[in-house]
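Visitor: data22.pdb (PDB, C-alpha atoms and all ligand atoms) pasted underneath:
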ATOM      1  CA  MET A  24      21.786  26.705  -3.347
ATOM      2  CA  ALA A  25      19.666  23.635  -2.822
ATOM      3  CA  HIS A  26      18.473  20.525  -4.544
ATOM      4  CA  LEU A  27      16.280  17.455  -4.095
ATOM      5  CA  PHE A  28      17.634  13.913  -4.277
ATOM      6  CA  LYS A  29      16.521  10.278  -4.088
ATOM      7  CA  ALA A  30      16.648   8.820  -0.594
ATOM      8  CA  SER A  31      15.585   5.769   1.389
ATOM      9  CA  THR A  32      13.730   5.341   4.670
ATOM     10  CA  GLY A  33      16.529   4.114   6.904
ATOM     11  CA  MET A  34      19.290   6.359   5.546
ATOM     12  CA  THR A  35      22.032   7.116   8.064
ATOM     13  CA  LYS A  36      23.493  10.590   8.315
ATOM     14  CA  ALA A  37      26.614   9.512   6.444
ATOM     15  CA  ALA A  38      24.642   7.853   3.625
ATOM     16  CA  ALA A  39      22.315  10.846   3.364
ATOM     17  CA  ALA A  40      25.256  13.236   3.121
ATOM     18  CA  VAL A  41      26.783  11.151   0.306
ATOM     19  CA  ALA A  42      23.477  10.896  -1.566
ATOM     20  CA  ALA A  43      22.841  14.618  -1.148
ATOM     21  CA  LYS A  44      26.218  15.568  -2.576
ATOM     22  CA  SER A  45      26.665  12.995  -5.335
ATOM     23  CA  ALA A  46      23.586  12.701  -7.511
ATOM     24  CA  THR A  47      20.734  15.169  -7.664
ATOM     25  CA  GLY A  48      18.578  13.470 -10.281
ATOM     26  CA  SER A  49      15.442  14.833 -11.847
ATOM     27  CA  THR A  50      13.120  11.842 -11.604
ATOM     28  CA  ILE A  51      12.143   9.404  -8.893
ATOM     29  CA  GLN A  52      10.155   6.189  -9.376
ATOM     30  CA  VAL A  53       6.996   5.851  -7.342
ATOM     31  CA  PRO A  54       7.013   2.439  -5.629
ATOM     32  CA  PRO A  55       3.853   0.303  -5.653
ATOM     33  CA  SER A  56       2.840   1.669  -2.253
ATOM     34  CA  GLY A  57       2.707   5.229  -3.597
ATOM     35  CA  VAL A  58       4.979   6.274  -0.720
ATOM     36  CA  VAL A  59       7.957   8.251  -2.060
ATOM     37  CA  THR A  60      11.082   8.952   0.008
ATOM     38  CA  PHE A  61      13.356  11.800  -1.042
ATOM     39  CA  GLY A  62      15.792  14.285   0.422
ATOM     40  CA  VAL A  63      16.413  17.996   0.302
ATOM     41  CA  TRP A  64      19.895  19.441   0.588
ATOM     42  CA  GLY A  65      20.510  23.079   1.404
ATOM     43  CA  GLY A  66      18.338  25.974   2.496
ATOM     44  CA  ASP A  67      17.255  29.320   1.099
ATOM     45  CA  ALA A  68      19.454  32.436   0.910
ATOM     46  CA  SER A  69      18.379  33.475   4.418
ATOM     47  CA  GLY A  70      19.335  30.128   5.946
ATOM     48  CA  ASN A  71      15.824  28.678   6.314
ATOM     49  CA  TRP A  72      14.800  25.120   5.532
ATOM     50  CA  LEU A  73      12.889  24.902   2.267
ATOM     51  CA  ASN A  74       9.179  24.117   2.270
ATOM     52  CA  ILE A  75       8.270  21.140   0.105
ATOM     53  CA  ARG A  76       5.533  21.668  -2.444
ATOM     54  CA  ILE A  77       4.140  18.893  -4.664
ATOM     55  CA  TYR A  78       2.141  19.647  -7.822
ATOM     56  CA  ARG A  79      -0.273  17.393  -9.695
ATOM     57  CA  GLY A  80      -0.749  19.394 -12.874
ATOM     58  CA  ASN A  81      -1.759  22.833 -11.619
ATOM     59  CA  ARG A  82      -3.041  21.559  -8.300
ATOM     60  CA  ILE A  83      -0.883  21.925  -5.189
ATOM     61  CA  LEU A  84      -1.168  18.794  -3.026
ATOM     62  CA  THR A  85       0.866  19.881  -0.034
ATOM     63  CA  ASP A  86      -0.456  23.287   1.058
ATOM     64  CA  GLY A  87      -3.292  24.275   3.374
ATOM     65  CA  ALA A  88      -4.340  23.269   6.867
ATOM     66  CA  VAL A  89      -5.196  19.681   5.826
ATOM     67  CA  PRO A  90      -2.951  18.924   2.852
ATOM     68  CA  ALA A  91      -4.029  16.251   0.392
ATOM     69  CA  VAL A  92      -0.506  14.841   0.557
ATOM     70  CA  PRO A  93       1.229  15.408   3.895
ATOM     71  CA  VAL A  94       5.030  15.499   3.773
ATOM     72  CA  ARG A  95       6.741  13.929   6.771
ATOM     73  CA  VAL A  96      10.288  14.667   7.954
ATOM     74  CA  LEU A  97      11.848  11.247   8.640
ATOM     75  CA  HIS A  98      15.337  12.474   9.519
ATOM     76  CA  GLU A  99      16.962  15.864   9.894
ATOM     77  CA  TYR A 100      20.741  16.272   9.823
ATOM     78  CA  GLY A 101      21.082  19.972  10.516
ATOM     79  CA  ASP A 102      24.851  20.270  10.300
ATOM     80  CA  GLU A 103      24.746  18.675   6.825
ATOM     81  CA  TRP A 104      21.696  20.742   5.785
ATOM     82  CA  VAL A 105      19.940  17.492   4.883
ATOM     83  CA  ARG A 106      16.373  16.416   5.515
ATOM     84  CA  ILE A 107      14.947  13.027   4.502
ATOM     85  CA  LEU A 108      11.262  13.358   3.678
ATOM     86  CA  GLN A 109       8.367  11.091   2.781
ATOM     87  CA  ALA A 110       5.071  11.706   1.002
ATOM     88  CA  ASP A 111       2.110   9.366   0.530
ATOM     89  CA  GLY A 112      -0.138   8.604  -2.412
ATOM     90  CA  LEU A 113       2.054  10.047  -5.144
ATOM     91  CA  GLU A 114       1.429   9.268  -8.788
ATOM     92  CA  ALA A 115       3.479   9.351 -11.953
ATOM     93  CA  GLY A 116       3.666  12.927 -13.223
ATOM     94  CA  ASP A 117       3.612  14.612  -9.811
ATOM     95  CA  GLU A 118       6.366  17.226  -9.398
ATOM     96  CA  ILE A 119       8.219  17.976  -6.156
ATOM     97  CA  TYR A 120       9.869  21.362  -5.494
ATOM     98  CA  GLY A 121      11.728  23.013  -2.626
ATOM     99  CA  MET A 122      10.262  26.473  -1.982
ATOM    100  CA  THR A 123      11.490  29.497  -0.090
ATOM    101  CA  THR A 124       9.447  30.742   2.856
ATOM    102  CA  THR A 125       8.101  33.441   0.539
ATOM    103  CA  GLY A 126       6.781  30.819  -1.907
ATOM    104  CA  GLN A 127       9.416  30.932  -4.655
ATOM    105  CA  ARG A 128      10.698  27.748  -6.286
ATOM    106  CA  TYR A 129      14.255  27.239  -5.098
ATOM    107  CA  THR A 130      15.094  23.813  -6.574
ATOM    108  CA  ALA A 131      14.626  22.062  -9.891
ATOM    109  CA  ALA A 132      11.663  19.681 -10.094
ATOM    110  CA  LEU A 133      11.938  16.105  -8.920
ATOM    111  CA  THR A 134       9.416  14.367 -11.180
ATOM    112  CA  VAL A 135       7.670  11.191 -10.075
ATOM    113  CA  THR A 136       7.706   8.399 -12.662
ATOM    114  CA  ALA A 137       5.874   5.062 -12.853
ATOM    115  CA  PRO A 138       7.755   1.803 -12.303
ATOM    116  CA  PRO A 139       7.863  -0.530 -15.298
ATOM    117  CA  ALA A 140       4.920  -2.935 -15.140
ATOM    118  CA  SER A 141       5.864  -6.533 -15.754
ATOM    119  CA  PRO A 142       3.911  -9.745 -15.382
ATOM    120  CA  SER A 143       4.928 -11.754 -12.388
ATOM    121  CA  VAL A 144       4.831 -15.489 -11.966
ATOM    122  CA  VAL A 145       5.516 -17.147  -8.631
ATOM    123  CA  THR A 146       6.440 -20.830  -8.678
ATOM    124  CA  ARG A 147       6.575 -23.338  -5.865
ATOM    125  CA  GLU A 148      10.233 -23.987  -6.701
ATOM    126  CA  GLN A 149      11.128 -20.317  -6.188
ATOM    127  CA  LEU A 150       9.753 -20.443  -2.647
ATOM    128  CA  ARG A 151      11.564 -23.564  -1.481
ATOM    129  CA  ASP A 152      14.365 -23.179   1.062
ATOM    130  CA  LYS A 153      17.472 -25.395   1.243
ATOM    131  CA  ALA A 154      15.467 -28.089   3.035
ATOM    132  CA  GLY A 155      12.843 -28.020   0.280
ATOM    133  CA  VAL A 156      10.184 -26.349   2.408
ATOM    134  CA  VAL A 157       8.033 -23.676   0.750
ATOM    135  CA  GLN A 158       8.582 -20.388   2.606
ATOM    136  CA  PRO A 159       6.664 -17.090   2.525
ATOM    137  CA  LYS A 160       9.582 -15.190   1.033
ATOM    138  CA  TYR A 161       8.098 -13.634  -2.105
ATOM    139  CA  PRO A 162       7.622  -9.862  -1.889
ATOM    140  CA  PRO A 163       3.991  -8.725  -1.773
ATOM    141  CA  SER A 164       2.456  -7.576  -5.056
ATOM    142  CA  PRO A 165       2.042  -3.848  -5.763
ATOM    143  CA  ALA A 166      -1.686  -4.078  -4.948
ATOM    144  CA  ILE A 167      -0.953  -5.541  -1.509
ATOM    145  CA  LEU A 168       1.787  -2.979  -0.780
ATOM    146  CA  ALA A 169      -0.536  -0.168  -1.797
ATOM    147  CA  LEU A 170      -3.378  -1.563   0.335
ATOM    148  CA  ILE A 171      -1.085  -1.793   3.375
ATOM    149  CA  ALA A 172       0.010   1.810   2.849
ATOM    150  CA  LEU A 173      -3.609   2.932   2.350
ATOM    151  CA  LEU A 174      -4.878   1.228   5.510
ATOM    152  CA  ASN A 175      -1.951   2.598   7.499
ATOM    153  CA  ARG A 176      -2.685   6.086   6.213
ATOM    154  CA  GLY A 177      -6.473   5.895   6.639
ATOM    155  CA  THR A 178      -6.245   4.623  10.213
ATOM    156  CA  ASP A 179      -3.514   7.113  11.177
ATOM    157  CA  GLY A 180      -1.064   4.296  11.819
ATOM    158  CA  THR A 181      -3.309   1.998  13.868
ATOM    159  CA  LEU A 182      -3.298  -0.709  11.195
ATOM    160  CA  ARG A 183       0.258  -1.350  10.142
ATOM    161  CA  ALA A 184       2.366  -4.092   8.611
ATOM    162  CA  ALA A 185       2.889  -6.350  11.649
ATOM    163  CA  ALA A 186       1.751  -9.654  13.130
ATOM    164  CA  GLY A 187      -1.824  -9.385  14.339
ATOM    165  CA  SER A 188      -2.418  -6.160  12.395
ATOM    166  CA  LEU A 189      -1.771  -6.317   8.640
ATOM    167  CA  GLU A 190      -0.164  -9.606   7.559
ATOM    168  CA  SER A 191       0.662 -10.532   3.992
ATOM    169  CA  ALA A 192       3.302 -13.260   4.120
ATOM    170  CA  GLY A 193       1.180 -16.145   5.444
ATOM    171  CA  ARG A 194       2.390 -19.543   6.581
ATOM    172  CA  SER A 195       5.136 -21.722   5.195
ATOM    173  CA  GLY A 196       4.334 -25.076   3.612
ATOM    174  CA  ASN A 197       2.448 -24.273   0.422
ATOM    175  CA  LEU A 198       2.367 -21.964  -2.535
ATOM    176  CA  TYR A 199      -0.939 -20.157  -2.023
ATOM    177  CA  GLU A 200      -2.486 -16.681  -2.100
ATOM    178  CA  HIS A 201      -0.372 -15.412   0.797
ATOM    179  CA  THR A 202       3.025 -16.904  -0.063
ATOM    180  CA  ALA A 203       2.491 -15.757  -3.660
ATOM    181  CA  GLY A 204       2.231 -12.139  -2.494
ATOM    182  CA  LEU A 205      -1.429 -11.746  -3.412
ATOM    183  CA  ALA A 206      -3.268 -11.671  -0.066
ATOM    184  CA  LEU A 207      -3.586  -9.522   3.029
ATOM    185  CA  ASP A 208      -5.078 -10.336   6.440
ATOM    186  CA  ILE A 209      -6.568  -7.341   8.241
ATOM    187  CA  TYR A 210      -7.000  -8.124  11.929
ATOM    188  CA  ARG A 211     -10.283  -7.119  13.594
ATOM    189  CA  LEU A 212     -11.849  -9.339  16.256
ATOM    190  CA  SER A 213     -15.453 -10.237  15.514
ATOM    191  CA  THR A 214     -16.125 -10.841  19.221
ATOM    192  CA  ASP A 215     -15.342  -7.175  19.941
ATOM    193  CA  ALA A 216     -18.310  -5.033  18.833
ATOM    194  CA  ALA A 217     -16.249  -1.940  17.988
ATOM    195  CA  GLN A 218     -13.616  -3.873  16.034
ATOM    196  CA  ARG A 219     -16.319  -5.859  14.248
ATOM    197  CA  LEU A 220     -18.020  -2.647  13.122
ATOM    198  CA  GLN A 221     -14.688  -1.337  11.798
ATOM    199  CA  ALA A 222     -14.293  -4.597   9.869
ATOM    200  CA  HIS A 223     -17.818  -4.314   8.471
ATOM    201  CA  ASN A 224     -17.241  -0.699   7.443
ATOM    202  CA  LEU A 225     -14.003  -1.704   5.699
ATOM    203  CA  ILE A 226     -15.880  -4.508   3.907
ATOM    204  CA  ARG A 227     -18.433  -1.956   2.672
ATOM    205  CA  PHE A 228     -15.517   0.163   1.394
ATOM    206  CA  PHE A 229     -13.890  -2.825  -0.345
ATOM    207  CA  ILE A 230     -17.136  -3.857  -2.019
ATOM    208  CA  ASP A 231     -17.795  -0.257  -3.146
ATOM    209  CA  ASN A 232     -14.321  -0.124  -4.694
ATOM    210  CA  ARG A 233     -14.148  -3.714  -5.946
ATOM    211  CA  ARG A 234     -13.807  -2.830  -9.648
ATOM    212  CA  ALA A 235     -11.151  -0.150  -9.188
ATOM    213  CA  PHE A 236      -9.135  -2.342  -6.805
ATOM    214  CA  GLY A 237      -9.634  -5.587  -8.724
ATOM    215  CA  TRP A 238      -9.536  -7.815  -5.644
ATOM    216  CA  ARG A 239     -10.941 -11.315  -6.239
ATOM    217  CA  ASN A 240     -11.846 -12.977  -2.926
ATOM    218  CA  MET A 241     -12.603 -11.683   0.568
ATOM    219  CA  PHE A 242     -13.571 -13.529   3.756
ATOM    220  CA  TYR A 243     -14.751 -12.416   7.188
ATOM    221  CA  GLU A 244     -16.730 -14.343   9.815
ATOM    222  CA  SER A 245     -18.920 -16.811   7.906
ATOM    223  CA  TRP A 246     -19.031 -14.773   4.703
ATOM    224  CA  GLY A 247     -17.198 -15.087   1.423
ATOM    225  CA  PHE A 248     -17.276 -12.212  -1.070
ATOM    226  CA  SER A 249     -16.362 -12.230  -4.762
ATOM    227  CA  GLN A 250     -16.401  -9.473  -7.385
ATOM    228  CA  SER A 251     -20.024 -10.318  -8.168
ATOM    229  CA  GLY A 252     -21.562 -11.144  -4.807
ATOM    230  CA  LEU A 253     -21.682 -13.540  -1.902
ATOM    231  CA  MET A 254     -19.953 -16.899  -2.199
ATOM    232  CA  GLY A 255     -19.140 -19.694   0.216
ATOM    233  CA  GLY A 256     -17.256 -18.653   3.334
ATOM    234  CA  ALA A 257     -14.043 -20.097   4.731
ATOM    235  CA  PRO A 258     -13.419 -21.268   8.297
ATOM    236  CA  ASN A 259     -11.203 -19.404  10.795
ATOM    237  CA  HIS A 260     -11.974 -15.842   9.735
ATOM    238  CA  GLY A 261     -13.366 -14.663  13.062
ATOM    239  CA  ASN A 262     -10.397 -12.422  13.790
ATOM    240  CA  HIS A 263      -9.380 -11.056  10.390
ATOM    241  CA  ILE A 264     -10.599  -9.964   6.991
ATOM    242  CA  HIS A 265      -8.774 -11.874   4.274
ATOM    243  CA  ILE A 266      -8.619 -10.101   0.909
ATOM    244  CA  ASP A 267      -6.762 -11.365  -2.141
ATOM    245  CA  TRP A 268      -6.000 -10.882  -5.821
ATOM    246  CA  MET A 269      -5.805 -14.631  -6.569
ATOM    247  CA  ASP A 270      -6.783 -15.403 -10.164
ATOM    248  CA  PHE A 271      -7.710 -19.099 -10.335
ATOM    249  CA  SER A 272      -8.022 -19.056 -14.127
ATOM    250  CA  THR A 273      -4.213 -18.936 -14.486
ATOM    251  CA  LEU A 274      -3.344 -21.238 -11.575
ATOM    252  CA  LYS A 275      -1.214 -24.284 -12.400
ATOM    253  CA  PHE A 276      -1.472 -27.319 -10.138
ATOM    254  CA  GLU A 277      -0.802 -31.052 -10.183
ATOM    255  CA  GLY A 278      -3.601 -33.578 -10.406
ATOM    256  CA  SER A 279      -7.269 -32.692 -10.440
ATOM    257  CA  ASN A 280      -8.033 -31.144  -7.044
ATOM    258  CA  ARG A 281      -7.526 -27.404  -7.289
ATOM    259  CA  ASN A 282      -8.661 -26.975  -3.687
ATOM    260  CA  ASP A 283      -5.641 -28.890  -2.398
ATOM    261  CA  ARG A 284      -3.016 -26.169  -2.114
ATOM    262  CA  SER A 285      -0.202 -28.670  -1.761
ATOM    263  CA  THR A 286      -0.688 -29.350  -5.489
ATOM    264  CA  TRP A 287      -0.216 -25.720  -6.567
ATOM    265  CA  THR A 288       2.887 -25.172  -8.684
ATOM    266  CA  GLU A 289       2.515 -21.727 -10.283
ATOM    267  CA  VAL A 290       0.552 -18.555  -9.499
ATOM    268  CA  THR A 291       0.422 -15.626 -11.934
ATOM    269  CA  TRP A 292      -0.331 -12.150 -10.652
ATOM    270  CA  PRO A 293      -3.338 -10.696 -12.500
ATOM    271  CA  ALA A 294      -3.004  -7.250 -14.107
ATOM    272  CA  GLU A 295      -4.848  -5.585 -11.212
ATOM    273  CA  ALA A 296      -2.225  -6.821  -8.746
ATOM    274  CA  LEU A 297       0.629  -5.232 -10.717
ATOM    275  CA  VAL A 298      -0.295  -1.601 -10.102
ATOM    276  CA  GLY A 299      -1.110  -0.040  -6.760
ATOM    277  CA  THR A 300      -1.600   3.578  -7.728
ATOM    278  CA  SER A 301      -5.407   3.388  -7.957
ATOM    279  CA  ILE A 302      -5.511   1.988  -4.396
ATOM    280  CA  ASN A 303      -3.396   4.308  -2.228
ATOM    281  CA  THR A 304      -5.085   7.572  -3.240
ATOM    282  CA  GLU A 305      -6.217  10.607  -1.302
ATOM    283  CA  VAL A 306      -9.907   9.885  -2.015
ATOM    284  CA  ASN A 307      -9.568   6.299  -0.778
ATOM    285  CA  ALA A 308      -7.605   7.375   2.307
ATOM    286  CA  ASN A 309     -10.458   9.717   3.225
ATOM    287  CA  GLN A 310     -12.977   6.906   2.710
ATOM    288  CA  VAL A 311     -10.968   4.530   4.899
ATOM    289  CA  ARG A 312     -10.694   7.235   7.564
ATOM    290  CA  ALA A 313     -14.470   7.739   7.474
ATOM    291  CA  ALA A 314     -15.165   3.982   7.584
ATOM    292  CA  TRP A 315     -12.712   3.452  10.425
ATOM    293  CA  GLY A 316     -14.188   6.191  12.590
ATOM    294  CA  ASN A 317     -17.866   5.578  11.822
ATOM    295  CA  THR A 318     -19.296   4.274  15.096
ATOM    296  CA  SER A 319     -22.917   4.978  14.162
ATOM    297  CA  ALA A 320     -23.195   2.528  11.234
ATOM    298  CA  SER A 321     -25.092  -0.724  11.735
ATOM    299  CA  PRO A 322     -23.256  -4.023  11.425
ATOM    300  CA  ILE A 323     -23.770  -5.811   8.103
ATOM    301  CA  THR A 324     -26.390  -8.553   7.998
ATOM    302  CA  SER A 325     -26.509 -11.235   5.302
ATOM    303  CA  ALA A 326     -29.699  -9.619   3.992
ATOM    304  CA  ASP A 327     -27.789  -6.348   3.414
ATOM    305  CA  ILE A 328     -25.086  -7.863   1.235
ATOM    306  CA  PRO A 329     -26.822  -7.985  -2.174
ATOM    307  CA  GLY A 330     -27.551  -4.267  -1.716
ATOM    308  CA  LEU A 331     -23.860  -3.534  -1.154
ATOM    309  CA  TYR A 332     -23.114  -4.752  -4.718
ATOM    310  CA  ARG A 333     -24.604  -1.705  -6.390
TER     311      ARG A 333
HETATM  312 ZN    ZN B 401      -5.559 -14.690   4.614
END
I'd like the structure from this file rewritten - as structure tokens, please.
Ligand SMILES: [Zn+2]

Guide:
Amino acid sequence: MAHLFKASTGMTKAAAAVAAKSATGSTIQVPPSGVVTFGVWGGDASGNWLNIRIYRGNRILTDGAVPAVPVRVLHEYGDEWVRILQADGLEAGDEIYGMTTTGQRYTAALTVTAPPASPSVVTREQLRDKAGVVQPKYPPSPAILALIALLNRGTDGTLRAAAGSLESAGRSGNLYEHTAGLALDIYRLSTDAAQRLQAHNLIRFFIDNRRAFGWRNMFYESWGFSQSGLMGGAPNHGNHIHIDWMDFSTLKFEGSNRNDRSTWTEVTWPAEALVGTSINTEVNANQVRAAWGNTSASPITSADIPGLYR
């Protein structure tokens, strides 16, 4: 007897035991990051832990020496026969099963479903604290969450959500790309040749995938990049790539100077920021891994950039 159930990352043993015994469930929503956390309760008839197998249509994502979707064991509570597991890059429609060691399905399917997409508007008033100061408290958009998960996956954990690594929240004081949940800073020092090359290789990857990702603005060193080519740079980008999904066509602000962020009153997430599933994919994770580890590429020069916009 065994079944799969919905779980969360930091589940204690007691909470996991309750979740395992109360509701089994047959569907689980994929969060914007594509990272799904679930549990398995019970083992096979011989007392072995079940193997987890995930199907996308007829394709098996989890088997083989280098699985397309690795399944991690986050927690194991042996005396409760409970394991909390996590898998990356899942999409709506994927099906999760517990299998016996001889490859037979031993649980019902846990089917991955898409979260409801809804337009999101972030206002300056929403971000104010009790003292009236705008704070970076809005959750990152699905695109940003998926990009964080992708970069974490493609760099085998080197880039992670943390200060000086992958930062999305930004500074307090204004409603702007970061506090609105639409921007990510990816830290790579341009004065360090190896880090700079990793940044340049990531920029190549972002430009290659600009239409699928739908990002709008990117800055590194003296360069500014848009969906269509080079644009003016921004100061203070010597130690990080800034990438954002900021759509200026829907921005509301006071007065006539759009460039003064203190006048911004309302930011609307564009459609591309609302869905992360085309970002944190297996194909993209492999491309990030290749870009990250490619030490033989040449750094980008300004003359190269038009050619990157194929
Ligand atoms: Zn930034």

Visitor: For each of A:Ala25, A:Leu212, A:Leu108, A:Ile230, take the minimum atom-to-atom distance to A:Ile264, counting all atoms listed in the file, then give the residue where this is smallest.

Guide: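 For A:Ile264, the nearest of the given residues is A:Leu212.
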
Visitor: Between A:Val53, A:Ala39, A:Val298, A:Ala320, which one has atoms that come closest to A:Ile167, using only C-alpha atoms?

Guide: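 The closest residue to A:Ile167 is A:Val298.
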
Visitor: Quote the spacing between atom CA of A:Tyr120 and atom CA of A:Thr178 in Å to one decimal place.

Guide: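 Computing it gives 28.0 Å between the two atoms.
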
Visitor: For A:Glu289, find every residue with an atom within 7 Å (counting only C-alpha atoms), except residues of its own chain fewer than 2 positions away, and show them as a ChimeraX atom specification.

Guide: /A:144-147,274-276,287,291

Visitor: Those same residues - C-alpha atoms - I'd like them written as a PDB file, in the frame of the given file.

Guide:
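So the final result, stored in selection30.pdb, reads:
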ATOM      1  CA  VAL A 144       4.831 -15.489 -11.966  1.00  0.00           C
ATOM      2  CA  VAL A 145       5.516 -17.147  -8.631  1.00  0.00           C
ATOM      3  CA  THR A 146       6.440 -20.830  -8.678  1.00  0.00           C
ATOM      4  CA  ARG A 147       6.575 -23.338  -5.865  1.00  0.00           C
ATOM      5  CA  LEU A 274      -3.344 -21.238 -11.575  1.00  0.00           C
ATOM      6  CA  LYS A 275      -1.214 -24.284 -12.400  1.00  0.00           C
ATOM      7  CA  PHE A 276      -1.472 -27.319 -10.138  1.00  0.00           C
ATOM      8  CA  TRP A 287      -0.216 -25.720  -6.567  1.00  0.00           C
ATOM      9  CA  THR A 291       0.422 -15.626 -11.934  1.00  0.00           C
TER      10      THR A 291
END

Visitor: Could you tell me how far atom CA of A:Ile266 sits from atom CA of A:Pro139, in Å to one decimal place?

Guide: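 According to the coordinates, atom CA of A:Pro139 and atom CA of A:Ile266 are separated by 25.0 Å.
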
Visitor: If you measure from atom CA of A:Pro90 to atom CA of A:Arg176, what distance in Å do you get, rounded to one decimal?

Guide: 13.3 Å

Visitor: Name the residues within 7 Å of (-14.7, -19.6, 7.0), counting all atoms listed in the file in the file's coordinates, and put them as a list in words.

Guide: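 Those residues, ordered by chain and then number, are Phe242, Glu244, Ser245, Trp246, Gly256, Ala257, Pro258, Asn259 and His260 of chain A.
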
Visitor: When you write stretch 94-110 of chain A out from the block above, keep N, CA and C atoms and present the result as a PDB file, in the first residue's frame, please.

Guide:
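Wrote out31.pdb, looks like this:
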ATOM      1  N   VAL A  94      15.011  13.611  -9.506  1.00  0.00           N
ATOM      2  CA  VAL A  94      14.149  13.696  -8.322  1.00  0.00           C
ATOM      3  C   VAL A  94      15.049  13.658  -7.088  1.00  0.00           C
ATOM      4  N   ARG A  95      14.926  14.697  -6.272  1.00  0.00           N
ATOM      5  CA  ARG A  95      15.745  14.781  -5.058  1.00  0.00           C
ATOM      6  C   ARG A  95      14.935  14.347  -3.839  1.00  0.00           C
ATOM      7  N   VAL A  96      15.592  13.664  -2.900  1.00  0.00           N
ATOM      8  CA  VAL A  96      14.962  13.355  -1.611  1.00  0.00           C
ATOM      9  C   VAL A  96      15.319  14.494  -0.655  1.00  0.00           C
ATOM     10  N   LEU A  97      14.315  15.290  -0.266  1.00  0.00           N
ATOM     11  CA  LEU A  97      14.563  16.399   0.665  1.00  0.00           C
ATOM     12  C   LEU A  97      14.602  15.907   2.110  1.00  0.00           C
ATOM     13  N   HIS A  98      13.652  15.049   2.456  1.00  0.00           N
ATOM     14  CA  HIS A  98      13.577  14.518   3.818  1.00  0.00           C
ATOM     15  C   HIS A  98      13.168  13.050   3.731  1.00  0.00           C
ATOM     16  N   GLU A  99      13.670  12.266   4.677  1.00  0.00           N
ATOM     17  CA  GLU A  99      13.236  10.875   4.761  1.00  0.00           C
ATOM     18  C   GLU A  99      12.926  10.572   6.214  1.00  0.00           C
ATOM     19  N   TYR A 100      11.660  10.155   6.466  1.00  0.00           N
ATOM     20  CA  TYR A 100      11.245   9.793   7.813  1.00  0.00           C
ATOM     21  C   TYR A 100      10.921   8.301   7.791  1.00  0.00           C
ATOM     22  N   GLY A 101      11.950   7.504   8.008  1.00  0.00           N
ATOM     23  CA  GLY A 101      11.856   6.062   7.790  1.00  0.00           C
ATOM     24  C   GLY A 101      10.809   5.382   8.639  1.00  0.00           C
ATOM     25  N   ASP A 102      10.695   5.799   9.907  1.00  0.00           N
ATOM     26  CA  ASP A 102       9.741   5.097  10.779  1.00  0.00           C
ATOM     27  C   ASP A 102       8.298   5.438  10.429  1.00  0.00           C
ATOM     28  N   GLU A 103       8.093   6.520   9.661  1.00  0.00           N
ATOM     29  CA  GLU A 103       6.741   6.853   9.182  1.00  0.00           C
ATOM     30  C   GLU A 103       6.546   6.371   7.732  1.00  0.00           C
ATOM     31  N   TRP A 104       7.587   5.817   7.132  1.00  0.00           N
ATOM     32  CA  TRP A 104       7.537   5.426   5.720  1.00  0.00           C
ATOM     33  C   TRP A 104       7.196   6.616   4.806  1.00  0.00           C
ATOM     34  N   VAL A 105       7.789   7.759   5.129  1.00  0.00           N
ATOM     35  CA  VAL A 105       7.501   8.981   4.370  1.00  0.00           C
ATOM     36  C   VAL A 105       8.793   9.550   3.788  1.00  0.00           C
ATOM     37  N   ARG A 106       8.755   9.874   2.535  1.00  0.00           N
ATOM     38  CA  ARG A 106       9.827  10.654   1.905  1.00  0.00           C
ATOM     39  C   ARG A 106       9.219  11.908   1.293  1.00  0.00           C
ATOM     40  N   ILE A 107       9.907  13.052   1.467  1.00  0.00           N
ATOM     41  CA  ILE A 107       9.519  14.290   0.799  1.00  0.00           C
ATOM     42  C   ILE A 107      10.497  14.476  -0.358  1.00  0.00           C
ATOM     43  N   LEU A 108       9.940  14.674  -1.542  1.00  0.00           N
ATOM     44  CA  LEU A 108      10.736  14.674  -2.771  1.00  0.00           C
ATOM     45  C   LEU A 108      10.525  15.961  -3.548  1.00  0.00           C
ATOM     46  N   GLN A 109      11.463  16.250  -4.437  1.00  0.00           N
ATOM     47  CA  GLN A 109      11.345  17.469  -5.248  1.00  0.00           C
ATOM     48  C   GLN A 109      11.851  17.170  -6.657  1.00  0.00           C
ATOM     49  N   ALA A 110      11.150  17.718  -7.645  1.00  0.00           N
ATOM     50  CA  ALA A 110      11.559  17.549  -9.037  1.00  0.00           C
ATOM     51  C   ALA A 110      11.488  18.899  -9.737  1.00  0.00           C
TER      52      ALA A 110
END
